[in-house]
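Source file entry30.cif; content: mmCIF, C-alpha atoms and all ligand atoms.
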```
data_work
#
loop_
_atom_site.label_atom_id
_atom_site.label_comp_id
_atom_site.auth_asym_id
_atom_site.auth_seq_id
_atom_site.Cartn_x
_atom_site.Cartn_y
_atom_site.Cartn_z
CA MET P 27 23.32 13.55 19.40
CA THR P 28 23.17 16.97 17.74
CA ASP P 29 21.24 19.46 19.85
CA ILE P 30 18.09 20.27 17.85
CA PRO P 31 16.46 23.54 19.03
CA PRO P 32 12.77 22.88 19.92
CA ASP P 33 11.71 25.95 17.89
CA HIS P 34 13.14 24.49 14.68
CA PRO P 35 10.25 24.09 12.21
CA ARG P 36 11.24 20.46 11.58
CA TYR P 37 12.02 19.66 15.24
CA GLU P 38 10.08 16.37 15.57
CA SER P 39 11.41 14.97 12.33
CA LEU P 40 15.02 15.98 13.03
CA LEU P 41 14.82 14.61 16.57
CA ALA P 42 13.58 11.24 15.28
CA ARG P 43 16.44 11.18 12.78
CA GLU P 44 18.93 11.88 15.60
CA LYS P 45 17.45 9.07 17.70
CA VAL P 46 17.78 6.50 14.92
CA ALA P 47 21.34 7.69 14.15
CA ALA P 48 22.20 7.44 17.87
CA GLY P 49 20.74 3.92 17.90
CA VAL P 50 23.09 2.95 15.08
CA LYS P 51 26.09 4.48 16.89
CA LYS P 52 25.21 2.63 20.10
CA GLY P 53 24.88 -0.60 18.15
CA PHE P 54 21.24 -1.51 18.68
CA THR P 55 19.76 -0.12 15.46
CA SER P 56 20.88 -1.66 12.18
CA ILE P 57 22.47 0.53 9.53
CA GLN P 58 19.54 -0.45 7.30
CA GLY P 59 17.33 1.18 9.92
CA LEU P 60 18.47 4.58 8.61
CA ILE P 61 17.03 3.75 5.20
CA ALA P 62 13.78 2.55 6.75
CA GLN P 63 13.48 5.82 8.72
CA GLY P 64 14.06 7.88 5.56
CA ARG P 65 11.37 5.92 3.78
CA GLY P 66 8.99 6.48 6.65
CA GLU P 67 9.78 10.23 6.72
CA SER P 68 8.86 10.62 3.07
CA PHE P 69 5.48 8.94 3.58
CA ASP P 70 4.90 11.11 6.63
CA TYR P 71 5.42 14.19 4.41
CA LEU P 72 2.80 12.90 2.01
CA LEU P 73 0.37 12.36 4.89
CA GLY P 74 0.96 15.85 6.27
CA GLU P 75 2.79 14.61 9.40
CA ARG P 76 -0.45 14.14 11.34
CA SER P 77 -2.51 11.27 12.69
CA THR P 78 -5.34 11.07 10.18
CA GLU P 79 -8.94 10.07 10.95
CA SER P 80 -8.37 6.60 9.50
CA ALA P 81 -5.21 6.15 11.60
CA LEU P 82 -7.02 7.15 14.79
CA TYR P 83 -9.83 4.70 13.97
CA ALA P 84 -7.30 1.87 13.42
CA GLU P 85 -5.46 2.82 16.63
CA ARG P 86 -8.68 2.56 18.64
CA ALA P 87 -9.46 -0.85 17.12
CA ALA P 88 -5.89 -1.97 17.82
CA VAL P 89 -6.15 -0.97 21.48
CA ALA P 90 -9.48 -2.82 21.77
CA ALA P 91 -7.81 -5.94 20.34
CA LEU P 92 -4.88 -5.66 22.77
CA LEU P 93 -7.19 -5.15 25.75
CA LEU P 94 -9.35 -8.15 24.83
CA ALA P 95 -6.43 -10.45 24.03
CA GLU P 96 -5.43 -13.42 26.17
CA ASN P 97 -1.77 -13.22 25.27
CA PRO P 98 -0.97 -9.88 23.61
CA VAL P 99 2.64 -9.27 22.56
CA ILE P 100 4.44 -6.17 21.29
CA SER P 101 7.34 -6.98 18.97
CA VAL P 102 10.31 -4.60 19.07
CA ASN P 103 13.08 -4.10 16.50
CA GLY P 104 16.11 -1.79 16.37
CA ASN P 105 14.22 1.24 15.00
CA VAL P 106 11.44 0.94 17.57
CA ALA P 107 14.02 0.65 20.37
CA ALA P 108 15.72 3.84 19.15
CA LEU P 109 12.57 5.90 18.58
CA ALA P 110 10.14 5.04 21.34
CA PRO P 111 11.27 2.47 23.94
CA GLU P 112 9.49 4.25 26.82
CA LYS P 113 6.26 4.41 24.79
CA VAL P 114 6.39 0.67 24.11
CA VAL P 115 6.78 -0.01 27.83
CA ALA P 116 3.90 2.37 28.68
CA LEU P 117 1.55 0.71 26.17
CA ALA P 118 2.56 -2.77 27.37
CA ASP P 119 1.80 -1.77 30.97
CA LEU P 120 -1.60 -0.30 30.05
CA THR P 121 -2.71 -3.29 27.97
CA GLY P 122 -1.00 -6.14 29.84
CA ALA P 123 1.06 -7.00 26.75
CA LYS P 124 4.38 -8.84 26.84
CA ILE P 125 7.35 -7.34 25.01
CA GLU P 126 9.50 -9.47 22.70
CA VAL P 127 12.54 -8.35 20.71
CA ASN P 128 12.53 -9.77 17.19
CA LEU P 129 15.15 -8.70 14.65
CA PHE P 130 15.62 -9.08 10.94
CA HIS P 131 19.37 -8.35 11.18
CA ARG P 132 19.75 -10.44 14.33
CA THR P 133 22.95 -10.51 16.39
CA GLU P 134 23.29 -11.49 20.05
CA THR P 135 24.83 -8.09 20.81
CA ARG P 136 21.89 -6.20 19.31
CA MET P 137 19.42 -8.45 21.16
CA HIS P 138 21.20 -7.75 24.45
CA LEU P 139 21.44 -3.97 23.92
CA ILE P 140 17.77 -3.62 22.95
CA ILE P 141 16.61 -5.70 25.92
CA GLU P 142 18.73 -3.57 28.25
CA GLN P 143 17.34 -0.39 26.67
CA LEU P 144 13.75 -1.56 27.27
CA LYS P 145 14.56 -2.58 30.84
CA ALA P 146 16.12 0.83 31.47
CA CYS P 147 12.74 2.27 30.41
CA GLY P 148 10.96 0.18 33.05
CA ALA P 149 10.15 -3.14 31.34
CA SER P 150 10.21 -5.92 33.94
CA GLU P 151 10.59 -8.75 31.43
CA VAL P 152 11.62 -8.70 27.79
CA LEU P 153 11.40 -11.87 25.71
CA GLY P 154 13.35 -12.81 22.61
CA LYS P 155 16.80 -13.76 23.81
CA LYS P 156 16.11 -17.48 24.15
CA PRO P 157 13.95 -18.43 21.16
CA ASP P 158 12.45 -21.90 21.58
CA ALA P 159 10.02 -21.79 18.68
CA SER P 160 10.17 -21.01 15.01
CA LEU P 161 7.91 -19.40 12.43
CA ASP P 162 7.86 -20.82 8.92
CA LEU P 163 10.35 -18.27 7.53
CA SER P 164 13.87 -18.59 6.14
CA HIS P 165 15.31 -15.51 7.87
CA ASP P 166 16.04 -14.71 11.51
CA ARG P 167 12.66 -13.15 12.17
CA ARG P 168 11.51 -16.78 12.46
CA LEU P 169 13.16 -17.01 15.92
CA VAL P 170 10.49 -16.47 18.58
CA GLU P 171 9.61 -17.54 22.10
CA SER P 172 6.81 -20.04 22.67
CA ARG P 173 5.23 -18.00 25.46
CA GLY P 174 5.57 -14.80 23.44
CA ILE P 175 5.00 -14.18 19.74
CA TYR P 176 4.53 -17.88 18.94
CA SER P 177 1.47 -18.33 21.15
CA ALA P 178 0.21 -14.72 21.03
CA ASP P 179 -3.38 -14.22 19.92
CA VAL P 180 -2.78 -10.52 19.22
CA VAL P 181 0.59 -9.20 18.14
CA LEU P 182 1.65 -5.61 17.49
CA VAL P 183 4.48 -5.52 14.97
CA PRO P 184 5.65 -1.96 14.26
CA LEU P 185 7.88 -1.36 11.19
CA GLU P 186 7.47 -4.93 10.11
CA ASP P 187 8.43 -6.81 6.98
CA GLY P 188 5.59 -8.23 4.93
CA ASP P 189 6.87 -11.79 5.17
CA ARG P 190 6.49 -12.25 8.89
CA CYS P 191 3.26 -10.31 8.93
CA GLU P 192 1.82 -12.77 6.40
CA LYS P 193 2.98 -15.79 8.44
CA LEU P 194 1.50 -14.41 11.64
CA VAL P 195 -1.84 -13.80 9.89
CA GLU P 196 -1.71 -17.37 8.52
CA MET P 197 -1.33 -18.54 12.13
CA GLU P 198 -4.72 -16.86 12.76
CA LYS P 199 -3.37 -14.15 14.99
CA ILE P 200 -4.73 -10.62 14.99
CA VAL P 201 -1.76 -8.75 13.53
CA ILE P 202 -1.52 -5.01 14.16
CA THR P 203 1.07 -3.08 12.16
CA ILE P 204 2.35 0.49 12.34
CA ASP P 205 3.72 1.50 8.95
CA LEU P 206 3.56 4.91 7.29
CA ASN P 207 3.38 3.27 3.86
CA PRO P 208 -0.23 2.23 3.15
CA LEU P 209 0.97 0.43 0.01
CA SER P 210 3.54 -1.82 1.70
CA ARG P 211 3.00 -5.59 1.77
CA THR P 212 2.90 -5.29 5.55
CA SER P 213 0.03 -2.80 5.51
CA ARG P 214 -1.88 -4.88 2.98
CA MET P 215 -1.37 -8.15 4.88
CA ALA P 216 -2.21 -6.99 8.42
CA THR P 217 -5.49 -7.41 10.26
CA ILE P 218 -5.29 -3.84 11.60
CA SER P 219 -3.01 -1.51 9.62
CA ILE P 220 -2.08 1.69 11.39
CA VAL P 221 -0.78 4.16 8.80
CA ASP P 222 0.87 6.62 11.16
CA ASN P 223 4.25 7.61 12.52
CA LEU P 224 5.43 5.17 15.18
CA THR P 225 5.90 7.88 17.81
CA ARG P 226 2.48 9.45 17.25
CA ALA P 227 0.75 6.07 16.99
CA LEU P 228 2.17 4.77 20.29
CA GLU P 229 1.29 8.03 22.03
CA ASN P 230 -2.30 7.92 20.75
CA MET P 231 -2.64 4.25 21.63
CA ALA P 232 -1.44 4.78 25.22
CA LYS P 233 -4.00 7.59 25.61
CA PHE P 234 -6.78 5.41 24.17
CA ALA P 235 -5.73 2.46 26.33
CA GLY P 236 -6.03 4.60 29.47
CA GLU P 237 -9.59 5.56 28.47
CA MET P 238 -10.75 2.28 26.94
CA ARG P 239 -9.64 0.14 29.89
CA LYS P 240 -12.73 1.48 31.65
CA GLU P 241 -15.12 0.58 28.81
CA ARG P 242 -17.43 -2.44 28.85
CA LYS P 243 -16.14 -5.57 27.14
CA ASP P 244 -19.01 -5.65 24.62
CA GLU P 245 -18.14 -2.09 23.54
CA LEU P 246 -14.60 -3.19 22.79
CA VAL P 247 -15.87 -6.28 20.96
CA ASN P 248 -18.17 -4.05 18.86
CA LEU P 249 -15.24 -1.90 17.84
CA ILE P 250 -13.40 -4.93 16.51
CA THR P 251 -16.30 -6.71 14.82
CA SER P 252 -17.33 -3.54 12.96
CA TYR P 253 -13.73 -2.69 12.00
CA ASP P 254 -12.98 -2.63 8.27
CA ASN P 255 -9.27 -2.68 7.40
CA LYS P 256 -9.76 -2.38 3.62
CA LYS P 257 -11.67 0.84 4.23
CA VAL P 258 -8.87 2.11 6.49
CA LEU P 259 -6.22 1.49 3.83
CA SER P 260 -8.24 3.07 1.06
CA GLU P 261 -9.00 6.08 3.28
CA ALA P 262 -5.30 6.44 4.12
CA ILE P 263 -4.53 6.67 0.39
CA SER P 264 -7.38 9.18 -0.10
CA GLU P 265 -6.05 11.25 2.83
CA ILE P 266 -2.67 11.44 1.08
CA GLN P 267 -4.37 12.44 -2.20
CA GLU P 268 -6.41 15.09 -0.42
CA HIS P 269 -3.33 16.51 1.30
CA LEU P 270 -1.43 16.66 -2.00
CA LYS P 271 -4.40 18.34 -3.70
CA ASN P 272 -4.41 21.02 -0.98
CA LEU P 273 -0.66 21.52 -1.38
CA ALA P 274 -1.02 21.77 -5.15
CA ALA P 275 -3.70 24.43 -4.71
CA GLU P 276 -1.35 26.39 -2.41
CA VAL P 277 1.49 26.50 -4.94
CA GLU P 278 -0.78 27.24 -7.95
CA TYR P 279 -0.31 30.65 -9.57
O1 LIG K 301 16.06 -3.96 13.65
P1 LIG K 301 15.86 -4.95 12.55
O2 LIG K 301 17.13 -5.73 12.24
O3 LIG K 301 14.73 -5.90 12.81
O4 LIG K 301 15.49 -4.13 11.22
C1 LIG K 301 14.42 -3.23 11.25
C2 LIG K 301 14.16 -2.57 9.87
C3 LIG K 301 13.16 -1.44 10.08
C4 LIG K 301 15.47 -2.01 9.33
C5 LIG K 301 13.60 -3.64 8.92
O5 LIG K 301 12.44 -4.18 9.45
C6 LIG K 301 13.35 -3.07 7.54
O6 LIG K 301 14.19 -3.09 6.67
O7 LIG K 301 12.13 -2.54 7.38
P2 LIG K 301 11.61 -1.98 5.97
O8 LIG K 301 11.38 -3.12 5.03
O9 LIG K 301 12.45 -0.83 5.52
O10 LIG K 301 10.18 -1.46 6.37
C7 LIG K 301 10.01 -0.44 7.27
C8 LIG K 301 8.63 0.18 7.00
O11 LIG K 301 8.34 1.02 8.08
C9 LIG K 301 8.59 1.05 5.72
O12 LIG K 301 7.39 0.82 5.01
C10 LIG K 301 8.61 2.49 6.25
O13 LIG K 301 7.82 3.37 5.46
C11 LIG K 301 7.99 2.32 7.63
N1 LIG K 301 8.54 3.26 8.61
C12 LIG K 301 9.83 3.67 8.76
N2 LIG K 301 9.96 4.51 9.80
C13 LIG K 301 8.72 4.63 10.34
C14 LIG K 301 7.82 3.84 9.59
N3 LIG K 301 6.52 3.75 9.90
C15 LIG K 301 6.08 4.44 10.99
N4 LIG K 301 6.89 5.22 11.74
C16 LIG K 301 8.21 5.34 11.47
N5 LIG K 301 8.99 6.09 12.23
#
```
Since I need it in another form, could you write the structure as structure tokens?
Ligand code: PTJ
Amino acid sequence: MTDIPPDHPRYESLLAREKVAAGVKKGFTSIQGLIAQGRGESFDYLLGERSTESALYAERAAVAALLLAENPVISVNGNVAALAPEKVVALADLTGAKIEVNLFHRTETRMHLIIEQLKACGASEVLGKKPDASLDLSHDRRLVESRGIYSADVVLVPLEDGDRCEKLVEMEKIVITIDLNPLSRTSRMATISIVDNLTRALENMAKFAGEMRKERKDELVNLITSYDNKKVLSEAISEIQEHLKNLAAEVEY
């Protein structure tokens, strides 16, 4: 990995890029993951590289759903394993969620490397290697474990593709996504769409989980029943518009 000086004005962004590139070199991130990261970066620019009000609201609702769930599962792909494996493990510990690796570009080698990476970060069990159930999809993301994603009531699917998100919603699961693009099929299909950078979102969610674990159950239920995902998506788009308007004003002569 190139040594990025912490005082570089684009430190966070360059570090994330290095992590995804290192994931590709080590063999657990797909080459397509580089394109996905670039796409995410450009949306993060438009958002102003911050966790917006609407994102924080969705993150709180997502944590409430995970804490109330009977069988919460966090799905991990090659980009998530490269960018924030330790944050996935921390959130799983705080919410009692299982972790399952689920890949679009699935190979046994990648499955093995990602599972080992998560275990090195402290995960005691990682599902996904021995799929015994199938979602109604024609690609490899259909391969799931019956005690994991298949039977989950709440599933967190960061950097997801719209297809599987739609199937999981059809199965009446609460589907939480993290995707910087508020216009993606994934964001539009999900029950709770977090429009935020993966790293920031997982950090915020772990902090909220630590606090919200102490809250009464009815307070958590209230958060979910009053939650409005359409409003969150439309606010995310307005937050981008607002940010661009401010930038336009700055460059105006
Ligand atoms: O590891 P695999 O084989 O399962 O493949 C994983 C990728 C990510 C390559 C695969 O799922 C894929 O191709 O995803 P897409 O269709 O490119 O979608 C990724 C979405 O995540 C896009 O809408 C991006 O804007 C968004 N995104 C990318 N990086 C980040 C992000 N959102 C939040 N944080 C990021 N760091």
>> Around ligand LIG 301 (chain K), which protein and nucleic acid residues have at least one atom no more than 8 Å from it, if we count only C-alpha atoms and all ligand atoms? List them as a PyMOL selection string.
In response: chain P and resi 42+54-69+102-106+109+128-132+167+184-188+204-208+210+212+221-225
>> Could you check the closest approach to Glu112 (chain P) for each of P:Lys145, P:Arg43, P:Lys193, P:Lys271 and tell me which residue wins, using all atoms listed in the file?
In response: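 The shortest atom-to-atom distance to Glu112 (chain P) comes from P:Lys145.
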> In terms of the shortest atom-to-atom distance over only C-alpha atoms, which of P:Ser219, P:Ser177, P:Gln143, P:Ser150 is closest to Val258 (chain P)?
Replying inline: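 For Val258 (chain P), the nearest of the candidates is P:Ser219.
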> From the set P:Met137, P:Ile250, P:Val89, P:Val195, which residue has the shortest atom-to-atom contact distance to Leu169 (chain P), counting all atoms listed in the file?
Replying inline: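 Of the candidates, the smallest distance to Leu169 (chain P) is held by P:Met137.
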>> Residues within 8 Å of His138 (chain P), please, as a ChimeraX atom specification. Count all atoms listed in the file; anything in the same chain fewer than 4 positions from it doesn't count.
In response: /P:134,142,155
>> Every residue with an atom at most 6 Å from (16.9, 19.1, 16.5) (file coordinates; all atoms listed in the file) is what I'm after, so could you write them as a list in words?
In response: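 Residues lying no farther than 6 Å from the given point: Asp29, Ile30, Pro31, Tyr37, Leu40 and Leu41 of chain P.
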>> as a PyMOL selection string, please: the residues near Ala91 (chain P) (cut-off 10 Å, only C-alpha atoms, same-chain neighbours under 4 positions excluded).
In response: chain P and resi 85-87+95-96+98+121+179-182+200-202+218+246-247+249-250
Put region 181-195 of chain P into a file with all heavy atoms, as a short mmCIF file (atom, residue, chain, number, x, y, z; two decimals), in the first residue's frame.
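Saved the output as part23.cif:
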```cif
data_model
loop_
_atom_site.label_atom_id
_atom_site.label_comp_id
_atom_site.auth_asym_id
_atom_site.auth_seq_id
_atom_site.Cartn_x
_atom_site.Cartn_y
_atom_site.Cartn_z
N VAL P 181 -31.66 -7.82 7.54
CA VAL P 181 -30.37 -8.07 6.91
C VAL P 181 -29.76 -6.77 6.41
O VAL P 181 -30.43 -5.95 5.78
CB VAL P 181 -30.50 -9.19 5.82
CG1 VAL P 181 -31.56 -8.90 4.81
CG2 VAL P 181 -29.19 -9.43 5.13
N LEU P 182 -28.51 -6.56 6.81
CA LEU P 182 -27.76 -5.37 6.38
C LEU P 182 -26.90 -5.77 5.18
O LEU P 182 -26.07 -6.67 5.28
CB LEU P 182 -26.88 -4.86 7.53
CG LEU P 182 -25.85 -3.78 7.20
CD1 LEU P 182 -26.49 -2.50 6.66
CD2 LEU P 182 -25.01 -3.43 8.44
N VAL P 183 -27.16 -5.13 4.04
CA VAL P 183 -26.46 -5.50 2.82
C VAL P 183 -25.73 -4.29 2.22
O VAL P 183 -26.24 -3.61 1.35
CB VAL P 183 -27.43 -6.15 1.78
CG1 VAL P 183 -27.79 -7.56 2.16
CG2 VAL P 183 -28.70 -5.33 1.62
N PRO P 184 -24.51 -4.00 2.70
CA PRO P 184 -23.80 -2.84 2.17
C PRO P 184 -23.30 -3.08 0.75
O PRO P 184 -22.93 -4.21 0.41
CB PRO P 184 -22.61 -2.69 3.12
CG PRO P 184 -22.74 -3.73 4.17
CD PRO P 184 -23.72 -4.73 3.69
N LEU P 185 -23.30 -2.03 -0.07
CA LEU P 185 -22.84 -2.09 -1.47
C LEU P 185 -23.46 -3.26 -2.22
O LEU P 185 -22.78 -4.13 -2.76
CB LEU P 185 -21.30 -2.21 -1.54
CG LEU P 185 -20.51 -0.93 -1.37
CD1 LEU P 185 -20.70 -0.27 -0.03
CD2 LEU P 185 -19.02 -1.19 -1.56
N GLU P 186 -24.76 -3.24 -2.22
CA GLU P 186 -25.54 -4.37 -2.73
C GLU P 186 -25.90 -4.17 -4.20
O GLU P 186 -25.80 -3.08 -4.72
CB GLU P 186 -26.84 -4.40 -1.89
CG GLU P 186 -27.83 -5.45 -2.20
CD GLU P 186 -27.29 -6.83 -1.99
OE1 GLU P 186 -26.15 -7.00 -1.52
OE2 GLU P 186 -28.01 -7.77 -2.32
N ASP P 187 -26.35 -5.26 -4.86
CA ASP P 187 -26.96 -5.03 -6.17
C ASP P 187 -28.49 -5.09 -6.00
O ASP P 187 -29.00 -5.80 -5.13
CB ASP P 187 -26.44 -6.02 -7.23
CG ASP P 187 -26.79 -7.43 -6.92
OD1 ASP P 187 -27.87 -7.87 -7.36
OD2 ASP P 187 -26.01 -8.08 -6.21
N GLY P 188 -29.16 -4.32 -6.83
CA GLY P 188 -30.60 -4.13 -6.69
C GLY P 188 -31.40 -5.42 -6.70
O GLY P 188 -32.40 -5.57 -6.00
N ASP P 189 -30.92 -6.36 -7.51
CA ASP P 189 -31.59 -7.65 -7.68
C ASP P 189 -31.85 -8.40 -6.38
O ASP P 189 -32.95 -8.81 -6.06
CB ASP P 189 -30.61 -8.56 -8.45
CG ASP P 189 -31.05 -8.79 -9.84
OD1 ASP P 189 -31.81 -7.93 -10.32
OD2 ASP P 189 -30.62 -9.80 -10.42
N ARG P 190 -30.73 -8.57 -5.63
CA ARG P 190 -30.87 -9.36 -4.40
C ARG P 190 -31.65 -8.57 -3.35
O ARG P 190 -32.45 -9.14 -2.61
CB ARG P 190 -29.50 -9.77 -3.83
CG ARG P 190 -29.67 -10.74 -2.65
CD ARG P 190 -28.36 -11.27 -2.17
NE ARG P 190 -27.56 -10.24 -1.57
CZ ARG P 190 -26.85 -10.39 -0.46
NH1 ARG P 190 -26.86 -11.55 0.18
NH2 ARG P 190 -26.11 -9.42 0.00
N CYS P 191 -31.43 -7.27 -3.38
CA CYS P 191 -32.16 -6.41 -2.43
C CYS P 191 -33.67 -6.62 -2.64
O CYS P 191 -34.43 -6.82 -1.69
CB CYS P 191 -31.75 -4.97 -2.68
SG CYS P 191 -32.56 -3.82 -1.62
N GLU P 192 -34.08 -6.61 -3.90
CA GLU P 192 -35.50 -6.76 -4.23
C GLU P 192 -36.02 -8.13 -3.75
O GLU P 192 -37.09 -8.23 -3.15
CB GLU P 192 -35.66 -6.64 -5.76
CG GLU P 192 -37.09 -6.58 -6.22
CD GLU P 192 -37.19 -6.31 -7.72
OE1 GLU P 192 -36.14 -6.25 -8.41
OE2 GLU P 192 -38.32 -6.19 -8.19
N LYS P 193 -35.23 -9.17 -3.98
CA LYS P 193 -35.66 -10.53 -3.55
C LYS P 193 -35.80 -10.60 -2.03
O LYS P 193 -36.74 -11.20 -1.51
CB LYS P 193 -34.63 -11.58 -3.98
CG LYS P 193 -34.65 -11.90 -5.43
CD LYS P 193 -35.93 -12.59 -5.86
CE LYS P 193 -36.10 -12.42 -7.36
NZ LYS P 193 -37.43 -12.38 -7.88
N LEU P 194 -34.84 -10.00 -1.33
CA LEU P 194 -34.88 -10.06 0.13
C LEU P 194 -36.09 -9.30 0.67
O LEU P 194 -36.72 -9.73 1.63
CB LEU P 194 -33.58 -9.50 0.73
CG LEU P 194 -32.31 -10.31 0.42
CD1 LEU P 194 -31.06 -9.54 0.84
CD2 LEU P 194 -32.34 -11.67 1.11
N VAL P 195 -36.44 -8.18 0.01
CA VAL P 195 -37.63 -7.42 0.42
C VAL P 195 -38.88 -8.27 0.14
O VAL P 195 -39.79 -8.35 0.98
CB VAL P 195 -37.69 -6.06 -0.31
CG1 VAL P 195 -39.03 -5.37 -0.06
CG2 VAL P 195 -36.55 -5.15 0.15
#
```
